[in-house]
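Visitor: Input file: entry_21.txt. Contents: compact mmCIF, N, CA and C atoms.
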```txt
# COMPACT_ATOMS: atom_id res chain seq x y z
N GLN F 19 -69.48 -19.55 64.65
CA GLN F 19 -70.35 -20.47 65.38
C GLN F 19 -69.54 -21.18 66.46
N VAL F 20 -70.04 -21.11 67.68
CA VAL F 20 -69.36 -21.75 68.81
C VAL F 20 -69.59 -23.25 68.75
N GLN F 21 -68.50 -23.99 68.87
CA GLN F 21 -68.59 -25.43 68.88
C GLN F 21 -67.58 -26.01 69.87
N LEU F 22 -68.03 -27.03 70.59
CA LEU F 22 -67.17 -27.78 71.50
C LEU F 22 -67.27 -29.25 71.13
N VAL F 23 -66.14 -29.88 70.89
CA VAL F 23 -66.14 -31.29 70.48
C VAL F 23 -65.22 -32.07 71.42
N GLU F 24 -65.84 -32.96 72.19
CA GLU F 24 -65.08 -33.79 73.12
C GLU F 24 -64.64 -35.08 72.44
N SER F 25 -63.53 -35.62 72.94
CA SER F 25 -63.04 -36.91 72.49
C SER F 25 -62.16 -37.50 73.58
N GLY F 26 -61.82 -38.78 73.41
CA GLY F 26 -60.89 -39.41 74.33
C GLY F 26 -61.51 -40.36 75.34
N GLY F 27 -62.83 -40.46 75.34
CA GLY F 27 -63.47 -41.37 76.27
C GLY F 27 -63.25 -42.82 75.86
N GLY F 28 -63.70 -43.72 76.74
CA GLY F 28 -63.57 -45.14 76.43
C GLY F 28 -63.78 -45.99 77.65
N LEU F 29 -63.43 -47.25 77.50
CA LEU F 29 -63.53 -48.23 78.58
C LEU F 29 -62.13 -48.42 79.18
N VAL F 30 -62.06 -48.31 80.50
CA VAL F 30 -60.78 -48.46 81.19
C VAL F 30 -60.99 -49.21 82.48
N GLN F 31 -59.99 -49.94 82.91
CA GLN F 31 -60.09 -50.68 84.16
C GLN F 31 -59.87 -49.75 85.34
N PRO F 32 -60.40 -50.10 86.50
CA PRO F 32 -60.13 -49.29 87.70
C PRO F 32 -58.63 -49.11 87.91
N GLY F 33 -58.25 -47.88 88.27
CA GLY F 33 -56.84 -47.55 88.42
C GLY F 33 -56.19 -47.04 87.15
N GLY F 34 -56.89 -47.14 86.05
CA GLY F 34 -56.33 -46.71 84.77
C GLY F 34 -56.46 -45.21 84.55
N SER F 35 -56.05 -44.79 83.35
CA SER F 35 -56.03 -43.36 83.00
C SER F 35 -56.65 -43.14 81.63
N LEU F 36 -57.19 -41.94 81.48
CA LEU F 36 -57.67 -41.45 80.19
C LEU F 36 -57.40 -39.96 80.12
N ARG F 37 -57.24 -39.46 78.91
CA ARG F 37 -57.15 -38.03 78.69
C ARG F 37 -58.25 -37.60 77.74
N LEU F 38 -59.13 -36.75 78.24
CA LEU F 38 -60.21 -36.19 77.43
C LEU F 38 -59.75 -34.88 76.80
N SER F 39 -60.23 -34.65 75.59
CA SER F 39 -59.94 -33.40 74.89
C SER F 39 -61.23 -32.69 74.55
N CYS F 40 -61.19 -31.38 74.57
CA CYS F 40 -62.31 -30.55 74.15
C CYS F 40 -61.78 -29.53 73.16
N ALA F 41 -62.07 -29.78 71.89
CA ALA F 41 -61.62 -28.87 70.84
C ALA F 41 -62.67 -27.77 70.64
N ALA F 42 -62.24 -26.53 70.81
CA ALA F 42 -63.15 -25.40 70.71
C ALA F 42 -62.99 -24.70 69.38
N SER F 43 -64.07 -24.17 68.87
CA SER F 43 -64.04 -23.37 67.65
C SER F 43 -65.08 -22.27 67.74
N GLY F 44 -64.84 -21.20 67.01
CA GLY F 44 -65.76 -20.07 67.02
C GLY F 44 -65.44 -19.03 68.08
N PHE F 45 -64.44 -19.29 68.88
CA PHE F 45 -64.00 -18.35 69.89
C PHE F 45 -62.60 -18.77 70.35
N SER F 46 -61.93 -17.87 71.07
CA SER F 46 -60.60 -18.18 71.58
C SER F 46 -60.72 -18.72 72.99
N ALA F 47 -60.45 -20.01 73.14
CA ALA F 47 -60.62 -20.66 74.45
C ALA F 47 -59.73 -20.04 75.51
N SER F 48 -58.59 -19.47 75.10
CA SER F 48 -57.66 -18.91 76.08
C SER F 48 -58.23 -17.68 76.78
N SER F 49 -59.27 -17.10 76.23
CA SER F 49 -59.83 -15.87 76.79
C SER F 49 -60.94 -16.11 77.80
N TYR F 50 -61.27 -17.38 78.03
CA TYR F 50 -62.41 -17.69 78.88
C TYR F 50 -62.12 -18.82 79.84
N ALA F 51 -62.83 -18.83 80.96
CA ALA F 51 -62.84 -20.00 81.82
C ALA F 51 -63.61 -21.11 81.11
N MET F 52 -63.11 -22.31 81.24
CA MET F 52 -63.78 -23.45 80.64
C MET F 52 -63.87 -24.58 81.65
N SER F 53 -64.90 -25.40 81.51
CA SER F 53 -65.20 -26.40 82.52
C SER F 53 -65.45 -27.77 81.91
N TRP F 54 -65.31 -28.77 82.77
CA TRP F 54 -65.77 -30.13 82.47
C TRP F 54 -66.86 -30.49 83.48
N TYR F 55 -67.90 -31.13 82.98
CA TYR F 55 -68.97 -31.67 83.79
C TYR F 55 -69.13 -33.15 83.43
N ARG F 56 -69.85 -33.87 84.26
CA ARG F 56 -70.15 -35.27 83.95
C ARG F 56 -71.55 -35.62 84.42
N GLN F 57 -72.12 -36.59 83.74
CA GLN F 57 -73.46 -37.06 84.06
C GLN F 57 -73.49 -38.57 84.04
N ALA F 58 -73.72 -39.15 85.21
CA ALA F 58 -73.85 -40.60 85.33
C ALA F 58 -75.30 -40.99 85.05
N PRO F 59 -75.54 -42.24 84.67
CA PRO F 59 -76.91 -42.67 84.37
C PRO F 59 -77.86 -42.40 85.53
N GLY F 60 -78.97 -41.76 85.23
CA GLY F 60 -79.99 -41.50 86.23
C GLY F 60 -79.67 -40.39 87.20
N LYS F 61 -78.57 -39.68 86.95
CA LYS F 61 -78.17 -38.61 87.86
C LYS F 61 -78.07 -37.28 87.14
N GLU F 62 -77.96 -36.21 87.91
CA GLU F 62 -77.83 -34.89 87.33
C GLU F 62 -76.41 -34.66 86.82
N ARG F 63 -76.28 -33.67 85.94
CA ARG F 63 -74.97 -33.30 85.44
C ARG F 63 -74.23 -32.51 86.52
N ASP F 64 -73.04 -32.93 86.85
CA ASP F 64 -72.28 -32.36 87.95
C ASP F 64 -70.97 -31.74 87.48
N PHE F 65 -70.56 -30.70 88.17
CA PHE F 65 -69.29 -30.05 87.91
C PHE F 65 -68.12 -30.99 88.26
N VAL F 66 -67.09 -30.97 87.40
CA VAL F 66 -65.90 -31.77 87.65
C VAL F 66 -64.68 -30.86 87.84
N ALA F 67 -64.43 -29.99 86.86
CA ALA F 67 -63.22 -29.17 86.92
C ALA F 67 -63.41 -27.92 86.08
N LEU F 68 -62.64 -26.88 86.43
CA LEU F 68 -62.67 -25.61 85.72
C LEU F 68 -61.25 -25.08 85.62
N ILE F 69 -60.97 -24.41 84.50
CA ILE F 69 -59.71 -23.70 84.35
C ILE F 69 -60.05 -22.24 84.06
N THR F 70 -59.48 -21.34 84.84
CA THR F 70 -59.79 -19.92 84.69
C THR F 70 -59.03 -19.31 83.51
N ARG F 71 -59.35 -18.07 83.22
CA ARG F 71 -58.62 -17.35 82.17
C ARG F 71 -57.13 -17.31 82.48
N GLY F 72 -56.80 -17.25 83.76
CA GLY F 72 -55.41 -17.23 84.18
C GLY F 72 -54.81 -18.61 84.38
N ASP F 73 -55.54 -19.62 83.93
CA ASP F 73 -55.10 -21.02 83.99
C ASP F 73 -55.02 -21.58 85.41
N SER F 74 -55.78 -21.01 86.31
CA SER F 74 -55.89 -21.60 87.64
C SER F 74 -56.97 -22.68 87.62
N PRO F 75 -56.67 -23.86 88.17
CA PRO F 75 -57.65 -24.93 88.16
C PRO F 75 -58.51 -24.96 89.42
N ASN F 76 -59.66 -25.56 89.26
CA ASN F 76 -60.57 -25.79 90.39
C ASN F 76 -61.23 -27.13 90.15
N TYR F 77 -61.35 -27.95 91.21
CA TYR F 77 -61.87 -29.30 91.07
C TYR F 77 -62.93 -29.59 92.11
N THR F 78 -63.84 -30.46 91.75
CA THR F 78 -64.74 -31.00 92.76
C THR F 78 -63.93 -31.93 93.66
N ASP F 79 -64.35 -32.05 94.90
CA ASP F 79 -63.53 -32.77 95.89
C ASP F 79 -63.23 -34.21 95.48
N SER F 80 -64.17 -34.86 94.84
CA SER F 80 -64.02 -36.29 94.56
C SER F 80 -62.94 -36.60 93.54
N VAL F 81 -62.46 -35.59 92.80
CA VAL F 81 -61.44 -35.84 91.78
C VAL F 81 -60.11 -35.17 92.11
N LYS F 82 -60.05 -34.41 93.18
CA LYS F 82 -58.81 -33.72 93.55
C LYS F 82 -57.69 -34.73 93.75
N GLY F 83 -56.52 -34.42 93.17
CA GLY F 83 -55.38 -35.30 93.27
C GLY F 83 -55.36 -36.40 92.22
N ARG F 84 -56.46 -36.55 91.48
CA ARG F 84 -56.52 -37.60 90.45
C ARG F 84 -56.69 -37.00 89.04
N PHE F 85 -57.44 -35.92 88.94
CA PHE F 85 -57.70 -35.29 87.63
C PHE F 85 -56.92 -33.99 87.51
N THR F 86 -56.54 -33.66 86.28
CA THR F 86 -55.84 -32.41 86.00
C THR F 86 -56.43 -31.77 84.76
N ILE F 87 -56.87 -30.52 84.90
CA ILE F 87 -57.40 -29.78 83.76
C ILE F 87 -56.29 -28.86 83.23
N SER F 88 -56.21 -28.76 81.90
CA SER F 88 -55.19 -27.91 81.30
C SER F 88 -55.70 -27.44 79.95
N ARG F 89 -54.96 -26.54 79.32
CA ARG F 89 -55.35 -26.10 77.98
C ARG F 89 -54.11 -25.87 77.13
N ASP F 90 -54.31 -26.03 75.84
CA ASP F 90 -53.28 -25.74 74.84
C ASP F 90 -53.85 -24.62 73.96
N ASN F 91 -53.36 -23.41 74.17
CA ASN F 91 -53.93 -22.28 73.45
C ASN F 91 -53.67 -22.36 71.95
N ALA F 92 -52.54 -22.91 71.57
CA ALA F 92 -52.23 -23.03 70.15
C ALA F 92 -53.22 -23.95 69.43
N LYS F 93 -53.73 -24.94 70.15
CA LYS F 93 -54.70 -25.88 69.56
C LYS F 93 -56.13 -25.52 69.93
N ASN F 94 -56.30 -24.46 70.72
CA ASN F 94 -57.65 -24.06 71.16
C ASN F 94 -58.39 -25.23 71.79
N THR F 95 -57.69 -25.95 72.63
CA THR F 95 -58.19 -27.20 73.20
C THR F 95 -57.97 -27.23 74.71
N VAL F 96 -58.95 -27.76 75.40
CA VAL F 96 -58.86 -27.98 76.84
C VAL F 96 -58.83 -29.48 77.09
N TYR F 97 -58.04 -29.89 78.06
CA TYR F 97 -57.87 -31.31 78.36
C TYR F 97 -58.31 -31.63 79.79
N LEU F 98 -58.64 -32.88 79.99
CA LEU F 98 -58.86 -33.39 81.34
C LEU F 98 -58.11 -34.71 81.45
N GLN F 99 -57.00 -34.69 82.15
CA GLN F 99 -56.22 -35.90 82.41
C GLN F 99 -56.81 -36.57 83.64
N MET F 100 -57.22 -37.81 83.48
CA MET F 100 -57.87 -38.54 84.55
C MET F 100 -57.04 -39.76 84.91
N ASN F 101 -56.53 -39.78 86.14
CA ASN F 101 -55.72 -40.89 86.63
C ASN F 101 -56.42 -41.58 87.78
N SER F 102 -55.96 -42.76 88.11
CA SER F 102 -56.53 -43.53 89.22
C SER F 102 -58.04 -43.59 89.13
N LEU F 103 -58.52 -43.93 87.96
CA LEU F 103 -59.97 -43.92 87.73
C LEU F 103 -60.68 -44.97 88.57
N LYS F 104 -61.89 -44.62 88.99
CA LYS F 104 -62.71 -45.48 89.83
C LYS F 104 -64.02 -45.77 89.11
N PRO F 105 -64.69 -46.86 89.45
CA PRO F 105 -65.99 -47.14 88.82
C PRO F 105 -66.97 -45.98 88.96
N GLU F 106 -66.91 -45.25 90.05
CA GLU F 106 -67.84 -44.13 90.25
C GLU F 106 -67.53 -42.94 89.35
N ASP F 107 -66.43 -42.98 88.61
CA ASP F 107 -66.14 -41.95 87.62
C ASP F 107 -66.87 -42.22 86.30
N THR F 108 -67.52 -43.35 86.19
CA THR F 108 -68.25 -43.69 84.98
C THR F 108 -69.35 -42.66 84.72
N ALA F 109 -69.32 -42.07 83.54
CA ALA F 109 -70.28 -41.02 83.20
C ALA F 109 -70.02 -40.56 81.77
N VAL F 110 -70.94 -39.75 81.27
CA VAL F 110 -70.67 -38.98 80.06
C VAL F 110 -70.06 -37.65 80.50
N TYR F 111 -68.93 -37.32 79.90
CA TYR F 111 -68.20 -36.11 80.26
C TYR F 111 -68.44 -35.04 79.20
N TYR F 112 -68.76 -33.84 79.67
CA TYR F 112 -69.10 -32.73 78.80
C TYR F 112 -68.18 -31.54 79.03
N CYS F 113 -67.83 -30.89 77.95
CA CYS F 113 -67.10 -29.63 78.00
C CYS F 113 -68.13 -28.49 78.03
N HIS F 114 -67.81 -27.40 78.72
CA HIS F 114 -68.79 -26.33 78.92
C HIS F 114 -68.12 -24.97 78.95
N ILE F 115 -68.82 -23.99 78.37
CA ILE F 115 -68.39 -22.61 78.46
C ILE F 115 -69.63 -21.72 78.47
N VAL F 116 -69.51 -20.59 79.11
CA VAL F 116 -70.55 -19.57 79.07
C VAL F 116 -70.00 -18.37 78.30
N LEU F 117 -70.66 -18.04 77.21
CA LEU F 117 -70.26 -16.90 76.38
C LEU F 117 -71.43 -15.93 76.28
N TYR F 118 -71.21 -14.68 76.74
CA TYR F 118 -72.25 -13.66 76.67
C TYR F 118 -73.56 -14.16 77.25
N GLY F 119 -73.45 -14.87 78.37
CA GLY F 119 -74.63 -15.33 79.09
C GLY F 119 -75.29 -16.58 78.52
N ILE F 120 -74.70 -17.18 77.50
CA ILE F 120 -75.27 -18.37 76.89
C ILE F 120 -74.40 -19.58 77.23
N ASP F 121 -75.06 -20.66 77.66
CA ASP F 121 -74.35 -21.90 77.96
C ASP F 121 -74.14 -22.70 76.68
N TYR F 122 -72.89 -23.13 76.49
CA TYR F 122 -72.57 -24.01 75.37
C TYR F 122 -72.00 -25.32 75.92
N TRP F 123 -72.48 -26.42 75.32
CA TRP F 123 -72.05 -27.76 75.72
C TRP F 123 -71.59 -28.52 74.49
N GLY F 124 -70.64 -29.41 74.71
CA GLY F 124 -70.30 -30.34 73.66
C GLY F 124 -71.29 -31.50 73.66
N GLN F 125 -71.03 -32.47 72.78
CA GLN F 125 -71.94 -33.61 72.66
C GLN F 125 -71.67 -34.67 73.72
N GLY F 126 -70.53 -34.57 74.39
CA GLY F 126 -70.19 -35.51 75.44
C GLY F 126 -69.36 -36.68 74.94
N THR F 127 -68.58 -37.25 75.85
CA THR F 127 -67.81 -38.46 75.55
C THR F 127 -67.96 -39.42 76.72
N GLN F 128 -68.24 -40.68 76.41
CA GLN F 128 -68.53 -41.68 77.44
C GLN F 128 -67.23 -42.20 78.05
N VAL F 129 -67.19 -42.21 79.37
CA VAL F 129 -66.10 -42.82 80.12
C VAL F 129 -66.70 -43.94 80.97
N THR F 130 -66.19 -45.15 80.79
CA THR F 130 -66.66 -46.30 81.55
C THR F 130 -65.46 -46.92 82.25
N VAL F 131 -65.58 -47.01 83.58
CA VAL F 131 -64.51 -47.60 84.39
C VAL F 131 -65.04 -48.91 84.95
N SER F 132 -64.50 -50.01 84.46
CA SER F 132 -65.01 -51.31 84.84
C SER F 132 -63.95 -52.37 84.58
N SER F 133 -63.98 -53.40 85.43
CA SER F 133 -63.07 -54.53 85.23
C SER F 133 -63.77 -55.64 84.44
```
How does this structure look as structure tokens?
Guide:
Amino acid sequence: QVQLVESGGGLVQPGGSLRLSCAASGFSASSYAMSWYRQAPGKERDFVALITRGDSPNYTDSVKGRFTISRDNAKNTVYLQMNSLKPEDTAVYYCHIVLYGIDYWGQGTQVTVSS
């Protein structure tokens, strides 16, 4: 059974950092591209970052230079290191993968950036 479990969210002041984790089970995360998305209140879910099978990263423009996506194959986990956080980064962050044409999402983790 495919499962994605996010953790690491919380309340942080502007300029602060958080590291989100996405623990995968039911498949080998190292064999697939995996992504992070986020959804702010009243807005659509938007792409944030992706890591390819070859571990090449891709980011939406608004987070380039601040966020870093990575994976630990031994832990079957994907991470999102978020630095220099801004209030506009406030959202629920979701881990995502497409397996055999099916979209899988985690339950999400709340990130709130506020002073």
Visitor: Extract the full set of strand (DSSP E) residues from chain F according to DSSP on the backbone, and format it as a ChimeraX atom specification.
Guide: /F:21-25,28-30,36-43,52-57,63-69,75-77,85-90,95-100,109-117,120-123,127-131
Visitor: With only N, CA and C atoms as the atoms that count, which of F:Gln128, F:Ser133, F:Ser49, F:Asn101 lies nearest to F:Ser25?
Guide: F:Gln128
Visitor: Atom N of F:Phe45 and atom CA of F:Thr78 are how many Å apart?
Guide: 26.6 Å
Visitor: Counting only C-alpha atoms, which residue out of F:Val66, F:Val20, F:Leu103, F:Leu98 sits closest to F:Ser46?
Guide: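 Closest residue, counting only C-alpha atoms: F:Val20.
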Visitor: Which of these residues is nearest to F:Arg71, using all atoms listed in the file: F:Thr86, F:Gln57, F:Ser48, F:Asn91?
Guide: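 Between F:Thr86, F:Gln57, F:Ser48, F:Asn91, the residue approaching F:Arg71 most closely is F:Ser48.
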Visitor: Name the closest residue to F:Gln125 among the candidates F:Asn94, F:Ser80, F:Ser53, F:Gln21; distances are taken between atoms, counting all atoms listed in the file.
Guide: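 Going through F:Asn94, F:Ser80, F:Ser53, F:Gln21 one by one, the smallest distance to F:Gln125 is for F:Gln21.
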Visitor: Env of F:Val96: 6.5 Å cut, atoms = all atoms listed in the file, seq-sep filter 6 positions within chain, self excluded. Answer as an MDAnalysis selection string.
Guide: chainID F and resid 38:42 88:90
Visitor: Quick check, in Å to one decimal: how far apart do atom CA of F:Gly34 and atom C of F:Val110 lie?
Guide: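 These atoms are spaced 17.0 Å apart.
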Visitor: If the box runs along x, y and z of the file and leaves 6 Å on each side of stretch 107-114 of chain F, what are its centre and edge lengths in Å, one decimal, as JSON?
Guide:
```
{"center_x": -68.5, "center_y": -34.3, "center_z": 83.3, "size_x": 16.8, "size_y": 30.7, "size_z": 22.7}
```
Visitor: Pick out the closest residue to F:Leu68 from this set: F:Ile120, F:Ile87, F:Val30, F:Val81. Count all atoms listed in the file.
Guide: F:Ile87
Visitor: Can you tell me how far atom C of F:Lys104 sits from atom CA of F:Leu36, in Å to one decimal?
Guide: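 It comes out at 11.8 Å.
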Visitor: Output as a ChimeraX atom specification all residues of stretch 23-131 of chain F that backbone DSSP marks as helix (DSSP H, G or I).
Guide: /F:47-49,79-81,91-93,105-107
Visitor: Skipping near chain neighbours, those fewer than 5 positions away, what residues fall within 6.5 Å of F:Ile69 using only N, CA and C atoms, listed as a list in words?
Guide: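 Residues near the query, excluding close chain neighbours: Tyr50, Ala51, Met52, Ser53, Trp54, Ser74, Pro75, Asn76 and Ile87 of chain F.
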Visitor: Point out the residue among F:Leu22, F:Met100, F:Ala67, F:Ala92 with the least atom-to-atom distance to F:Ser35, counting all atoms listed in the file.
Guide: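 Going through F:Leu22, F:Met100, F:Ala67, F:Ala92 one by one, the smallest distance to F:Ser35 is for F:Met100.
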Visitor: Which residues are close to F:Leu29, i.e. within 6.5 Å by only N, CA and C atoms, leaving aside same-chain residues fewer than 5 positions away? Reply as a list in words.
Guide: Gln128, Val129, Thr130, Val131 and Ser132 of chain F
Visitor: Please produce an output containing N, CA and C atoms for each residue in the selection, written as a CSV table (one decimal), keeping the file's coordinate frame.
Guide:
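What follows is the written file part_23.csv:
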```csv
chain,number,residue,atom,x,y,z
F,128,GLN,N,-68.2,-40.7,76.4
F,128,GLN,CA,-68.5,-41.7,77.4
F,128,GLN,C,-67.2,-42.2,78.0
F,129,VAL,N,-67.2,-42.2,79.4
F,129,VAL,CA,-66.1,-42.8,80.1
F,129,VAL,C,-66.7,-43.9,81.0
F,130,THR,N,-66.2,-45.2,80.8
F,130,THR,CA,-66.7,-46.3,81.6
F,130,THR,C,-65.5,-46.9,82.2
F,131,VAL,N,-65.6,-47.0,83.6
F,131,VAL,CA,-64.5,-47.6,84.4
F,131,VAL,C,-65.0,-48.9,85.0
F,132,SER,N,-64.5,-50.0,84.5
F,132,SER,CA,-65.0,-51.3,84.8
F,132,SER,C,-64.0,-52.4,84.6
```
Visitor: If I only have part of stretch 120-130 of chain F, can you fill in all heavy atoms and write it as a PDB file, in the coordinates of the input?
Guide:
```pdb
ATOM      1  N   ILE F 120     -74.700 -17.180  77.500  1.00  0.00           N
ATOM      2  CA  ILE F 120     -75.270 -18.370  76.890  1.00  0.00           C
ATOM      3  C   ILE F 120     -74.400 -19.580  77.230  1.00  0.00           C
ATOM      4  O   ILE F 120     -73.180 -19.515  77.089  1.00  0.00           O
ATOM      5  CB  ILE F 120     -75.358 -18.218  75.358  1.00  0.00           C
ATOM      6  CG1 ILE F 120     -76.252 -17.021  75.008  1.00  0.00           C
ATOM      7  CG2 ILE F 120     -75.912 -19.492  74.718  1.00  0.00           C
ATOM      8  CD1 ILE F 120     -76.266 -16.691  73.527  1.00  0.00           C
ATOM      9  N   ASP F 121     -75.060 -20.660  77.660  1.00  0.00           N
ATOM     10  CA  ASP F 121     -74.350 -21.900  77.960  1.00  0.00           C
ATOM     11  C   ASP F 121     -74.140 -22.700  76.680  1.00  0.00           C
ATOM     12  O   ASP F 121     -75.079 -22.938  75.925  1.00  0.00           O
ATOM     13  CB  ASP F 121     -75.166 -22.761  78.921  1.00  0.00           C
ATOM     14  CG  ASP F 121     -75.122 -22.231  80.339  1.00  0.00           C
ATOM     15  OD1 ASP F 121     -74.152 -22.537  81.032  1.00  0.00           O
ATOM     16  OD2 ASP F 121     -76.060 -21.511  80.707  1.00  0.00           O
ATOM     17  N   TYR F 122     -72.890 -23.130  76.490  1.00  0.00           N
ATOM     18  CA  TYR F 122     -72.570 -24.010  75.370  1.00  0.00           C
ATOM     19  C   TYR F 122     -72.000 -25.320  75.920  1.00  0.00           C
ATOM     20  O   TYR F 122     -71.177 -25.313  76.836  1.00  0.00           O
ATOM     21  CB  TYR F 122     -71.542 -23.358  74.437  1.00  0.00           C
ATOM     22  CG  TYR F 122     -72.065 -22.154  73.690  1.00  0.00           C
ATOM     23  CD1 TYR F 122     -71.916 -20.872  74.214  1.00  0.00           C
ATOM     24  CD2 TYR F 122     -72.721 -22.300  72.466  1.00  0.00           C
ATOM     25  CE1 TYR F 122     -72.398 -19.764  73.541  1.00  0.00           C
ATOM     26  CE2 TYR F 122     -73.203 -21.195  71.783  1.00  0.00           C
ATOM     27  CZ  TYR F 122     -73.043 -19.935  72.322  1.00  0.00           C
ATOM     28  OH  TYR F 122     -73.517 -18.844  71.649  1.00  0.00           O
ATOM     29  N   TRP F 123     -72.480 -26.420  75.320  1.00  0.00           N
ATOM     30  CA  TRP F 123     -72.050 -27.760  75.720  1.00  0.00           C
ATOM     31  C   TRP F 123     -71.590 -28.520  74.490  1.00  0.00           C
ATOM     32  O   TRP F 123     -72.142 -28.363  73.399  1.00  0.00           O
ATOM     33  CB  TRP F 123     -73.207 -28.519  76.362  1.00  0.00           C
ATOM     34  CG  TRP F 123     -73.750 -27.900  77.612  1.00  0.00           C
ATOM     35  CD1 TRP F 123     -74.767 -27.003  77.708  1.00  0.00           C
ATOM     36  CD2 TRP F 123     -73.307 -28.145  78.945  1.00  0.00           C
ATOM     37  NE1 TRP F 123     -74.980 -26.676  79.027  1.00  0.00           N
ATOM     38  CE2 TRP F 123     -74.108 -27.366  79.806  1.00  0.00           C
ATOM     39  CE3 TRP F 123     -72.315 -28.958  79.509  1.00  0.00           C
ATOM     40  CZ2 TRP F 123     -73.940 -27.362  81.188  1.00  0.00           C
ATOM     41  CZ3 TRP F 123     -72.153 -28.957  80.877  1.00  0.00           C
ATOM     42  CH2 TRP F 123     -72.954 -28.162  81.706  1.00  0.00           C
ATOM     43  N   GLY F 124     -70.640 -29.410  74.710  1.00  0.00           N
ATOM     44  CA  GLY F 124     -70.300 -30.340  73.660  1.00  0.00           C
ATOM     45  C   GLY F 124     -71.290 -31.500  73.660  1.00  0.00           C
ATOM     46  O   GLY F 124     -72.243 -31.537  74.453  1.00  0.00           O
ATOM     47  N   GLN F 125     -71.030 -32.470  72.780  1.00  0.00           N
ATOM     48  CA  GLN F 125     -71.940 -33.610  72.660  1.00  0.00           C
ATOM     49  C   GLN F 125     -71.670 -34.670  73.720  1.00  0.00           C
ATOM     50  O   GLN F 125     -72.486 -35.569  73.932  1.00  0.00           O
ATOM     51  CB  GLN F 125     -71.813 -34.224  71.253  1.00  0.00           C
ATOM     52  CG  GLN F 125     -70.674 -35.208  71.080  1.00  0.00           C
ATOM     53  CD  GLN F 125     -69.296 -34.551  71.034  1.00  0.00           C
ATOM     54  OE1 GLN F 125     -69.168 -33.329  71.022  1.00  0.00           O
ATOM     55  NE2 GLN F 125     -68.251 -35.371  71.018  1.00  0.00           N
ATOM     56  N   GLY F 126     -70.530 -34.570  74.390  1.00  0.00           N
ATOM     57  CA  GLY F 126     -70.190 -35.510  75.440  1.00  0.00           C
ATOM     58  C   GLY F 126     -69.360 -36.680  74.940  1.00  0.00           C
ATOM     59  O   GLY F 126     -69.420 -37.056  73.763  1.00  0.00           O
ATOM     60  N   THR F 127     -68.580 -37.250  75.850  1.00  0.00           N
ATOM     61  CA  THR F 127     -67.810 -38.460  75.550  1.00  0.00           C
ATOM     62  C   THR F 127     -67.960 -39.420  76.720  1.00  0.00           C
ATOM     63  O   THR F 127     -67.862 -39.025  77.886  1.00  0.00           O
ATOM     64  CB  THR F 127     -66.334 -38.116  75.270  1.00  0.00           C
ATOM     65  OG1 THR F 127     -65.627 -39.294  74.872  1.00  0.00           O
ATOM     66  CG2 THR F 127     -65.626 -37.506  76.467  1.00  0.00           C
ATOM     67  N   GLN F 128     -68.240 -40.680  76.410  1.00  0.00           N
ATOM     68  CA  GLN F 128     -68.530 -41.680  77.440  1.00  0.00           C
ATOM     69  C   GLN F 128     -67.230 -42.200  78.050  1.00  0.00           C
ATOM     70  O   GLN F 128     -66.315 -42.614  77.335  1.00  0.00           O
ATOM     71  CB  GLN F 128     -69.310 -42.840  76.837  1.00  0.00           C
ATOM     72  CG  GLN F 128     -69.562 -43.987  77.799  1.00  0.00           C
ATOM     73  CD  GLN F 128     -70.564 -43.635  78.866  1.00  0.00           C
ATOM     74  OE1 GLN F 128     -71.631 -43.085  78.586  1.00  0.00           O
ATOM     75  NE2 GLN F 128     -70.240 -43.966  80.121  1.00  0.00           N
ATOM     76  N   VAL F 129     -67.190 -42.210  79.370  1.00  0.00           N
ATOM     77  CA  VAL F 129     -66.100 -42.820  80.120  1.00  0.00           C
ATOM     78  C   VAL F 129     -66.700 -43.940  80.970  1.00  0.00           C
ATOM     79  O   VAL F 129     -67.618 -43.705  81.759  1.00  0.00           O
ATOM     80  CB  VAL F 129     -65.383 -41.803  81.022  1.00  0.00           C
ATOM     81  CG1 VAL F 129     -64.391 -42.499  81.947  1.00  0.00           C
ATOM     82  CG2 VAL F 129     -64.679 -40.751  80.179  1.00  0.00           C
ATOM     83  N   THR F 130     -66.190 -45.150  80.790  1.00  0.00           N
ATOM     84  CA  THR F 130     -66.660 -46.300  81.550  1.00  0.00           C
ATOM     85  C   THR F 130     -65.460 -46.920  82.250  1.00  0.00           C
ATOM     86  O   THR F 130     -64.487 -47.298  81.607  1.00  0.00           O
ATOM     87  CB  THR F 130     -67.332 -47.331  80.644  1.00  0.00           C
ATOM     88  OG1 THR F 130     -68.422 -46.712  79.945  1.00  0.00           O
ATOM     89  CG2 THR F 130     -67.856 -48.505  81.461  1.00  0.00           C
TER      90      THR F 130
END
```
